[in-house]
Each structure stands twice: as structure tokens, then as C-alpha cells.
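*Asks:* Take a look at the following structure, please.
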Amino acid sequence: MNIEGSAKRPGRFGALIFIFIIIGIIGIFITSGANSQNAQKTIDNIALLQSGSSYALKDGKFVVRYGNGATGVVPLDPGTEDPVSFFSDKAVYLSDEATAVVYGGTKTQKTVRVLVSSDRGRTWNNSRVTEAGTDHAETKFIGFTSKKDGWLVTAGDVASGYQKNRVFLTEDGGKSWTETGSTSEVYPHVVTGAGFADEKTGFLSFRYDIDPNPVLYRTQDRGKIWEKCTIELPSQLKNANSYPTALSPVFNGPRGILPVTLTDNKTGLNTHIQYITGDYGRTWTFDKKKQ
């Protein structure tokens with residue numbers, strides 16, 4: 001009896017250990033899954049339009065300010081008090097999940113680099129993207145759709161209305177960037193905006209050329225293939241003297257907003273309108289409320 005009893009007790013103990021191990025493994029998977037979901041949570045880029053975030057030069061520093069009042073300092077030495085000169089070759093993205101500054105790609109600093117912070121400007125990661133080459137990359141657009149997924153568009157020098165562009169994506173929060181495509185073969189004109197709805201679906205906007213309607217191109221494969229979106233100006237806004245320029249679209253999941261500026265060639269006055277989508281930019285509708 002004693003022998004049987006001593007044999008059963010270790011068995012129960014082993015079973016308990018086995019149960020605890022299983023619970024621990026399940027806990028790890030749950031925690032890992034939660035962290036993964038948190039990292040991939042969609043950023044509401046539409047809400048950022050009203051967030052009140054901003055950036056400026058202050059006391060010789062490059063300061064970013066978030067909508068909740070928090071501030072951070074970007075580790076770039078301005079070397080000037082002139083904000084127009086300092087920010088002319090940079091693009092800045094501000095959100096609680098990711099803050100990014102892209103710079104370089106100029107005649108004097110050919111390497112394009114990105115500074116990214118995931119803690120509202122307290123710490124920063126500096127990564128190299130590419131060498132700009134002879135076209136340079138003084139025009140830039142940058143943003144994130146989640147804490148990990150981000151996009152960057154650079155555009156080169158303009159010559160007779162033509163401008164080459166390059167699209168880069170990151171899947172690790174801006175630590176590394178991969179060039180994925182451009183519209184330079186299908187529509188090599190002046191880029192006036194860029195934006196992604198998710199890690200695969202992106203858009204490039206262009207300055208008025210010959211099309212009387214706003215020009216916007218869409219990709220569904222990270223930038224390899226681009227198709228022109230069908231966007232029509234309302235009849236009441238069509239004017240031989242008005243030139244539409246599509247700007248950067250912003251998204252929150254499938255919902256998106258495309259701002260457009262109509263410039264009157266005679267008066268120089270601008271009219272601001274917008275289009276909306278609910279299907280990741282497959283179709284766009286004129287927003288009468290914002291007319």
C-alpha cells in the first residue's frame with residue numbers, strides 16, 4: 001500500500017506541473033497575440049486632422065507638440081532660425097503611435113534618412129532609407145497606418161512638368177525600409193500628395209496637368225502596379241480657369257478623405273473641396289457637406 005501510495009503522489013504532482021506548463025504556454029500565446037494586435041492596431045489618420053498636433057523651431061530646437069499637450073524634441077540641429085528653410089526638404093508625421101521625420105536626399109545631403117519615435121518623442125531611432133541620386137528627393141511624404149506599418153514617398157527634381165518618384169515601405173516601425181515601386185512609368189508628373197490605407201493599398205496625388213479632374217493613382221500591391229482613380233468634379237465647379245490639385249488622402253481603415261484644391265488661374269484664389277470613400281479608395285464621392 002505504501003509503495004502504491006508513493007507512486008500515485010508523484011503522478012498527481014507531475015500532472016499538476018503539466019497543467020501549469022500548459023497554462024503558462026497558453027498565457028504566452030495570449031500575451032504574444034495581444035501584443036501583436038496592439039502593434040497592428042490601425043491608426044486613425046482622419047482623426048489626426050483635428051488633433052491639434054504641430055511642429056516648429058523653438059529656442060534653437062526642433063520641437064513636436066501632440067494634441068494632448070505632450071512635447072518632444074527631434075534630435076536634428078536646425079542650424080537656422082528660419083523655419084521655411086529648415087522644413088523645406090523634410091516631411092513630418094505626428095501620432096501617438098508613431099512620430100516620423102524624413103530628411104536628406106538633397107544636393108548637400110544625398111542620403112535619405114528617417115527618425116522615428118514610438119513614445120511621443122522621448123526616444124528616437126535613426127534609419128537610412130536610400131541614396132537620392134542625381135534626381136535628389138527634396139519632396140517627401142511620410143506616414144503610418146499602424147505602429148509597425150509605414151510608408152514613405154520621395155520625389156525628384158521637376159523638369160517640364162515631369163517628376164520621378166519612389167515608394168518605400170516599412171514593416172518594423174521604421175527601423176528598415178524597402179523600395180516597392182513608383183508611378184514613374186505610368187504617370188511621371190508632379191506629386192502633390194501621398195497616403196496609404198493599409199500595408200498594401202496606397203495612393204499618389206498629382207498636380208494639374210491636362211486632366212480637368214483631380215488626378216489620383218491607386219495601388220493594391222504595395223506600389224508595383226498603379227491604376228488611375230475615377231474622380232469627377234461636380235458640374236458647378238467645372239471651370240476652364242480652375243485647376244484641381246489632389247493632396248494627400250488620409251484613412252481610418254476603409255474610410256478615407258481626399259482633399260483637393262481648386263485654383264482659379266485668373267484670380268489666384270483657392271477653393272478647398274474634398275472627396276470621401278468607404279471602400280479603401282476604390283470609389284470616391286464628392287463631399288457636398290465640405291463644399
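In the C-alpha cells, chains take the letters A, B, ... in the order shown, each chain's residues start at 1, and ligands count up from 1 in the order shown.
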List as number ranges by chain the protein and nucleic acid residues near Arg166 in chain A, meaning an atom at most 7 Å away when only C-alpha atoms are counted, but skip any in the same chain fewer than 6 places from it.
*Replies:* A: 153-155, 181-182
*Asks:* So, with only C-alpha atoms as the atoms that count, which of A:Gly161, A:Gly143, A:Gly156, A:Gly69 lies closest to Phe196 in chain A?
*Replies:*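 Smallest separation from Phe196 in chain A among the options: A:Gly143.
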*Asks:* Could you check the closest approach to Lys147 in chain A for each of A:Asp119, A:Ala98, A:Asn270, A:Arg113 and tell me which residue wins, using only C-alpha atoms?
*Replies:*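 Smallest distance to Lys147 in chain A is found for A:Ala98.
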*Asks:* Kindly indicate which residue among A:Val116, A:Leu48, A:Leu247, A:Ile231 lies nearest to Leu204 in chain A, using only C-alpha atoms for the distances.
*Replies:*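 Between A:Val116, A:Leu48, A:Leu247, A:Ile231, the residue approaching Leu204 in chain A most closely is A:Leu247.
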*Asks:* Do a neighbour search on range 221-229 of chain A at 12 Å with only C-alpha atoms, toss out local chain neighbours closer than 2 positions, and write the hits as an MDAnalysis selection string.
*Replies:* chainID A and resid 149:153 165:171 178:188 194:206 211 213:219 231:232 246 258 275 277 280:285
*Asks:* Tell me which protein, DNA and RNA residues are within 7 Å of Asn252 in chain A, counting only C-alpha atoms, leaving out same-chain ones fewer than 5 positions away, and put them as a list in words.
*Replies:* Ile43, Asp44, Asn45 and Ile46 of chain A
*Asks:* Rank A:Gln50, A:Thr230, A:Gln220, A:Thr192 by their smallest atom-to-atom distance to Ser248 in chain A, using only C-alpha atoms, and report the top residue only.
*Replies:*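 The closest residue to Ser248 in chain A is A:Thr192.
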*Asks:* In Å to one decimal, how far is CA of Ser51 in chain A from CA of Pro249 in chain A?
*Replies:*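 These atoms are spaced 16.4 Å apart.
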*Asks:* Residues of range 21-250 of chain A in strand (DSSP E or B) according to DSSP, as a CSV table (one decimal) with N, CA and C atoms, in the first residue's frame?
*Replies:*
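The resulting file, part-v9.csv, is shown below:
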chain,number,residue,atom,x,y,z
A,54,SER,N,1.4,69.7,-33.8
A,54,SER,CA,2.1,70.6,-34.6
A,54,SER,C,3.6,70.5,-34.4
A,55,TYR,N,4.4,71.1,-35.2
A,55,TYR,CA,5.9,71.1,-35.0
A,55,TYR,C,6.4,72.5,-35.4
A,56,ALA,N,7.6,72.9,-34.8
A,56,ALA,CA,8.1,74.2,-35.0
A,56,ALA,C,9.6,74.3,-34.5
A,57,LEU,N,10.2,75.3,-34.8
A,57,LEU,CA,11.6,75.6,-34.3
A,57,LEU,C,11.3,76.5,-33.1
A,58,LYS,N,11.9,76.1,-31.9
A,58,LYS,CA,11.8,76.9,-30.7
A,58,LYS,C,13.0,76.9,-29.9
A,61,LYS,N,15.7,74.6,-31.2
A,61,LYS,CA,15.4,73.2,-31.2
A,61,LYS,C,14.2,72.9,-32.1
A,62,PHE,N,14.2,71.7,-32.6
A,62,PHE,CA,13.1,71.2,-33.5
A,62,PHE,C,12.1,70.5,-32.5
A,63,VAL,N,11.0,71.1,-32.3
A,63,VAL,CA,10.0,70.7,-31.2
A,63,VAL,C,8.7,70.2,-31.9
A,64,VAL,N,8.3,69.0,-31.4
A,64,VAL,CA,7.0,68.5,-31.9
A,64,VAL,C,6.0,68.6,-30.7
A,65,ARG,N,4.8,68.9,-31.0
A,65,ARG,CA,3.7,69.0,-30.0
A,65,ARG,C,2.5,68.2,-30.3
A,71,THR,N,5.0,67.2,-25.4
A,71,THR,CA,6.0,67.7,-26.4
A,71,THR,C,7.2,66.8,-26.5
A,72,GLY,N,8.0,66.9,-27.6
A,72,GLY,CA,9.2,66.1,-27.7
A,72,GLY,C,10.2,67.0,-28.6
A,73,VAL,N,11.4,66.6,-28.5
A,73,VAL,CA,12.5,67.3,-29.2
A,73,VAL,C,13.1,66.3,-30.2
A,74,VAL,N,13.0,66.7,-31.5
A,74,VAL,CA,13.6,65.9,-32.5
A,74,VAL,C,15.1,66.1,-32.6
A,91,ALA,N,9.7,66.0,-44.3
A,91,ALA,CA,8.3,65.7,-44.1
A,91,ALA,C,8.1,65.2,-42.6
A,92,VAL,N,7.0,65.5,-42.0
A,92,VAL,CA,6.8,65.2,-40.6
A,92,VAL,C,5.5,64.5,-40.4
A,93,TYR,N,5.5,63.4,-39.6
A,93,TYR,CA,4.2,62.7,-39.3
A,93,TYR,C,4.1,62.6,-37.8
A,94,LEU,N,2.9,63.0,-37.2
A,94,LEU,CA,2.7,63.0,-35.8
A,94,LEU,C,1.5,62.2,-35.4
A,99,THR,N,5.8,58.7,-34.5
A,99,THR,CA,6.2,60.0,-34.9
A,99,THR,C,7.4,59.9,-35.9
A,100,ALA,N,7.4,60.5,-37.0
A,100,ALA,CA,8.4,60.3,-38.0
A,100,ALA,C,8.9,61.6,-38.7
A,101,VAL,N,10.1,61.7,-38.9
A,101,VAL,CA,10.7,62.9,-39.7
A,101,VAL,C,11.6,62.3,-40.7
A,102,VAL,N,11.4,62.6,-42.0
A,102,VAL,CA,12.3,62.2,-43.1
A,102,VAL,C,13.0,63.4,-43.6
A,103,TYR,N,14.3,63.2,-43.8
A,103,TYR,CA,15.2,64.3,-44.2
A,103,TYR,C,16.3,63.8,-45.1
A,111,THR,N,21.9,61.2,-48.7
A,111,THR,CA,21.3,60.1,-48.0
A,111,THR,C,20.0,60.5,-47.4
A,112,VAL,N,18.9,59.7,-47.8
A,112,VAL,CA,17.6,59.9,-47.2
A,112,VAL,C,17.5,59.1,-45.9
A,113,ARG,N,17.2,59.8,-44.8
A,113,ARG,CA,17.1,59.1,-43.5
A,113,ARG,C,15.8,59.4,-42.8
A,114,VAL,N,15.4,58.6,-41.9
A,114,VAL,CA,14.1,58.7,-41.2
A,114,VAL,C,14.4,58.6,-39.7
A,115,LEU,N,13.9,59.5,-39.0
A,115,LEU,CA,13.9,59.5,-37.5
A,115,LEU,C,12.5,59.0,-37.1
A,116,VAL,N,12.4,58.0,-36.2
A,116,VAL,CA,11.1,57.5,-35.8
A,116,VAL,C,11.0,57.4,-34.2
A,117,SER,N,10.0,57.8,-33.6
A,117,SER,CA,9.8,57.7,-32.2
A,117,SER,C,8.4,57.0,-32.0
A,125,ASN,N,14.7,56.4,-33.2
A,125,ASN,CA,15.5,55.5,-34.0
A,125,ASN,C,15.8,56.2,-35.3
A,126,ASN,N,17.1,56.2,-35.7
A,126,ASN,CA,17.5,56.9,-37.0
A,126,ASN,C,17.9,55.8,-38.0
A,127,SER,N,17.2,55.7,-39.1
A,127,SER,CA,17.5,54.7,-40.1
A,127,SER,C,17.8,55.3,-41.4
A,128,ARG,N,18.7,54.6,-42.2
A,128,ARG,CA,19.0,55.0,-43.6
A,128,ARG,C,17.9,54.4,-44.5
A,129,VAL,N,17.4,55.2,-45.5
A,129,VAL,CA,16.5,54.7,-46.4
A,129,VAL,C,17.1,54.4,-47.8
A,130,THR,N,17.8,55.4,-48.3
A,130,THR,CA,18.4,55.2,-49.6
A,130,THR,C,19.3,56.4,-50.0
A,131,GLU,N,20.0,56.3,-51.1
A,131,GLU,CA,20.7,57.4,-51.6
A,131,GLU,C,19.8,58.1,-52.7
A,139,THR,N,11.3,66.6,-52.3
A,139,THR,CA,9.8,66.5,-52.0
A,139,THR,C,9.6,65.1,-51.3
A,140,LYS,N,9.0,65.1,-50.2
A,140,LYS,CA,8.8,63.9,-49.4
A,140,LYS,C,7.4,63.9,-48.7
A,141,PHE,N,6.9,62.7,-48.5
A,141,PHE,CA,5.7,62.4,-47.8
A,141,PHE,C,5.9,61.2,-47.0
A,142,ILE,N,5.4,61.2,-45.7
A,142,ILE,CA,5.6,60.0,-44.9
A,142,ILE,C,4.4,59.8,-43.9
A,143,GLY,N,4.1,58.6,-43.6
A,143,GLY,CA,3.0,58.3,-42.6
A,143,GLY,C,3.0,56.9,-42.2
A,144,PHE,N,2.1,56.5,-41.3
A,144,PHE,CA,2.0,55.2,-40.7
A,144,PHE,C,0.5,54.8,-40.7
A,150,GLY,N,4.5,51.5,-42.1
A,150,GLY,CA,4.6,52.9,-42.5
A,150,GLY,C,5.0,53.0,-44.0
A,151,TRP,N,4.8,54.2,-44.6
A,151,TRP,CA,5.2,54.4,-46.0
A,151,TRP,C,5.9,55.7,-46.1
A,152,LEU,N,6.7,55.8,-47.2
A,152,LEU,CA,7.5,57.0,-47.5
A,152,LEU,C,7.5,57.1,-49.0
A,153,VAL,N,7.3,58.4,-49.5
A,153,VAL,CA,7.4,58.7,-50.9
A,153,VAL,C,8.3,59.8,-51.1
A,154,THR,N,9.3,59.6,-52.0
A,154,THR,CA,10.2,60.7,-52.3
A,154,THR,C,10.0,61.1,-53.8
A,155,ALA,N,10.2,62.3,-54.1
A,155,ALA,CA,10.0,62.8,-55.5
A,155,ALA,C,11.2,63.7,-55.9
A,159,ALA,N,11.1,68.8,-64.1
A,159,ALA,CA,11.6,69.2,-65.4
A,159,ALA,C,10.5,69.2,-66.4
A,162,TYR,N,7.5,67.1,-65.4
A,162,TYR,CA,7.8,65.7,-65.2
A,162,TYR,C,8.6,65.6,-63.9
A,165,ASN,N,9.3,59.5,-59.0
A,165,ASN,CA,9.0,59.3,-57.6
A,165,ASN,C,9.4,57.9,-57.2
A,166,ARG,N,9.5,57.6,-55.9
A,166,ARG,CA,9.9,56.3,-55.4
A,166,ARG,C,9.1,56.1,-54.1
A,167,VAL,N,8.6,54.8,-54.0
A,167,VAL,CA,7.8,54.5,-52.8
A,167,VAL,C,8.5,53.5,-52.0
A,168,PHE,N,8.6,53.7,-50.6
A,168,PHE,CA,9.3,52.8,-49.7
A,168,PHE,C,8.3,52.5,-48.6
A,169,LEU,N,8.4,51.2,-48.1
A,169,LEU,CA,7.5,50.8,-47.0
A,169,LEU,C,8.3,50.2,-45.9
A,170,THR,N,7.8,50.2,-44.7
A,170,THR,CA,8.4,49.6,-43.5
A,170,THR,C,7.4,48.7,-42.8
A,178,THR,N,12.0,49.3,-47.4
A,178,THR,CA,12.1,48.6,-48.7
A,178,THR,C,11.5,49.4,-49.8
A,179,GLU,N,12.2,49.6,-50.9
A,179,GLU,CA,11.6,50.3,-52.1
A,179,GLU,C,10.7,49.3,-52.8
A,180,THR,N,9.4,49.7,-53.0
A,180,THR,CA,8.4,48.8,-53.6
A,180,THR,C,7.9,49.2,-54.9
A,181,GLY,N,8.1,50.4,-55.4
A,181,GLY,CA,7.6,50.8,-56.7
A,181,GLY,C,7.5,52.3,-56.9
A,189,HIS,N,4.4,62.6,-63.3
A,189,HIS,CA,4.2,64.0,-63.2
A,189,HIS,C,4.4,64.5,-61.7
A,191,VAL,N,4.2,65.2,-58.1
A,191,VAL,CA,3.5,64.6,-56.9
A,191,VAL,C,3.1,65.7,-55.9
A,192,THR,N,1.8,65.7,-55.5
A,192,THR,CA,1.4,66.7,-54.6
A,192,THR,C,0.8,66.1,-53.3
A,193,GLY,N,0.8,64.8,-53.2
A,193,GLY,CA,0.3,64.1,-52.0
A,193,GLY,C,0.5,62.6,-52.1
A,194,ALA,N,0.4,62.0,-50.9
A,194,ALA,CA,0.6,60.5,-50.9
A,194,ALA,C,-0.1,60.0,-49.6
A,195,GLY,N,-0.5,58.8,-49.6
A,195,GLY,CA,-1.1,58.2,-48.4
A,195,GLY,C,-1.4,56.7,-48.6
A,196,PHE,N,-1.4,56.0,-47.5
A,196,PHE,CA,-1.7,54.5,-47.6
A,196,PHE,C,-2.9,54.3,-46.7
A,202,GLY,N,-2.2,51.9,-51.4
A,202,GLY,CA,-1.7,53.3,-51.4
A,202,GLY,C,-2.1,54.2,-52.5
A,203,PHE,N,-1.8,55.5,-52.4
A,203,PHE,CA,-2.2,56.4,-53.3
A,203,PHE,C,-1.2,57.5,-53.5
A,204,LEU,N,-1.1,58.0,-54.8
A,204,LEU,CA,-0.3,59.2,-55.1
A,204,LEU,C,-1.1,60.2,-55.8
A,205,SER,N,-1.1,61.4,-55.3
A,205,SER,CA,-1.8,62.6,-55.9
A,205,SER,C,-0.9,63.4,-56.8
A,206,PHE,N,-1.5,64.1,-57.7
A,206,PHE,CA,-0.7,64.9,-58.7
A,206,PHE,C,-1.2,66.3,-58.9
A,215,VAL,N,-6.3,64.3,-60.2
A,215,VAL,CA,-5.6,63.1,-60.6
A,215,VAL,C,-5.1,62.3,-59.4
A,216,LEU,N,-5.5,61.1,-59.2
A,216,LEU,CA,-5.1,60.2,-58.1
A,216,LEU,C,-4.9,58.8,-58.6
A,217,TYR,N,-3.7,58.2,-58.3
A,217,TYR,CA,-3.4,56.8,-58.7
A,217,TYR,C,-3.4,55.9,-57.4
A,218,ARG,N,-3.9,54.7,-57.6
A,218,ARG,CA,-4.0,53.7,-56.5
A,218,ARG,C,-3.3,52.4,-56.8
A,219,THR,N,-2.7,51.9,-55.8
A,219,THR,CA,-2.0,50.6,-55.8
A,219,THR,C,-2.6,49.7,-54.8
A,227,GLU,N,-3.2,52.1,-60.8
A,227,GLU,CA,-4.3,52.4,-61.7
A,227,GLU,C,-4.9,53.8,-61.3
A,228,LYS,N,-5.4,54.5,-62.3
A,228,LYS,CA,-5.9,55.8,-62.1
A,228,LYS,C,-7.3,55.7,-61.5
A,242,SER,N,-10.1,77.0,-63.7
A,242,SER,CA,-9.8,76.4,-62.5
A,242,SER,C,-9.0,75.1,-62.7
A,243,TYR,N,-8.0,74.9,-61.8
A,243,TYR,CA,-7.1,73.8,-61.9
A,243,TYR,C,-7.1,73.0,-60.6
A,244,PRO,N,-7.5,71.7,-60.7
A,244,PRO,CA,-7.6,70.9,-59.5
A,244,PRO,C,-6.3,70.3,-59.1
A,245,THR,N,-6.0,70.3,-57.9
A,245,THR,CA,-4.8,69.6,-57.4
A,245,THR,C,-5.2,68.7,-56.2
A,246,ALA,N,-5.0,67.4,-56.4
A,246,ALA,CA,-5.3,66.5,-55.3
A,246,ALA,C,-4.2,66.5,-54.3
A,250,VAL,N,-6.1,60.7,-46.5
A,250,VAL,CA,-5.9,60.1,-45.2
A,250,VAL,C,-7.0,59.1,-44.9
*Asks:* Please measure the separation of CA of Ala240 in chain A and CA of Ile257 in chain A, giving the value in Å to one decimal.
*Replies:*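 It comes out at 25.4 Å.
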*Asks:* Quick one: distance from CA of Val84 in chain A to CA of Phe251 in chain A in Å, one decimal?
*Replies:*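 According to the coordinates, CA of Val84 in chain A and CA of Phe251 in chain A are separated by 27.8 Å.
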*Asks:* Looking at only C-alpha atoms, which of A:Gly133, A:Glu138, A:Ala70, A:Ile273 is the one that sits closest to Phe86 in chain A?
*Replies:*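 Ranking A:Gly133, A:Glu138, A:Ala70, A:Ile273 by distance to Phe86 in chain A, first place goes to A:Glu138.
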*Asks:* Run DSSP on the backbone and tell me which residues of range 68-247 of chain A come out as alpha helix (DSSP H); list them as an MDAnalysis selection string.
*Replies:* chainID A and resid 83:87
*Asks:* Keeping only N, CA and C atoms, write the selected residues as a compact mmCIF listing (two decimals), in the first residue's frame.
*Replies:*
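Output saved as selection.txt:
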# COMPACT_ATOMS: atom_id res chain seq x y z
N PRO A 83 12.26 78.77 -40.22
CA PRO A 83 11.52 77.51 -40.35
C PRO A 83 11.23 77.12 -41.79
N VAL A 84 11.03 78.11 -42.66
CA VAL A 84 10.75 77.82 -44.07
C VAL A 84 11.93 77.10 -44.70
N SER A 85 13.12 77.61 -44.45
CA SER A 85 14.33 76.99 -44.99
C SER A 85 14.57 75.61 -44.39
N PHE A 86 14.38 75.49 -43.08
CA PHE A 86 14.68 74.23 -42.39
C PHE A 86 13.72 73.11 -42.79
N PHE A 87 12.43 73.41 -42.90
CA PHE A 87 11.44 72.36 -43.17
C PHE A 87 11.20 72.12 -44.66
*Asks:* Given the choices A:Val190, A:Arg122, A:Thr80, A:Ala132, which gets closest to Gly104 in chain A if the distance is worked out from only C-alpha atoms?
*Replies:*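 Among the listed residues, the smallest separation from Gly104 in chain A belongs to A:Ala132.
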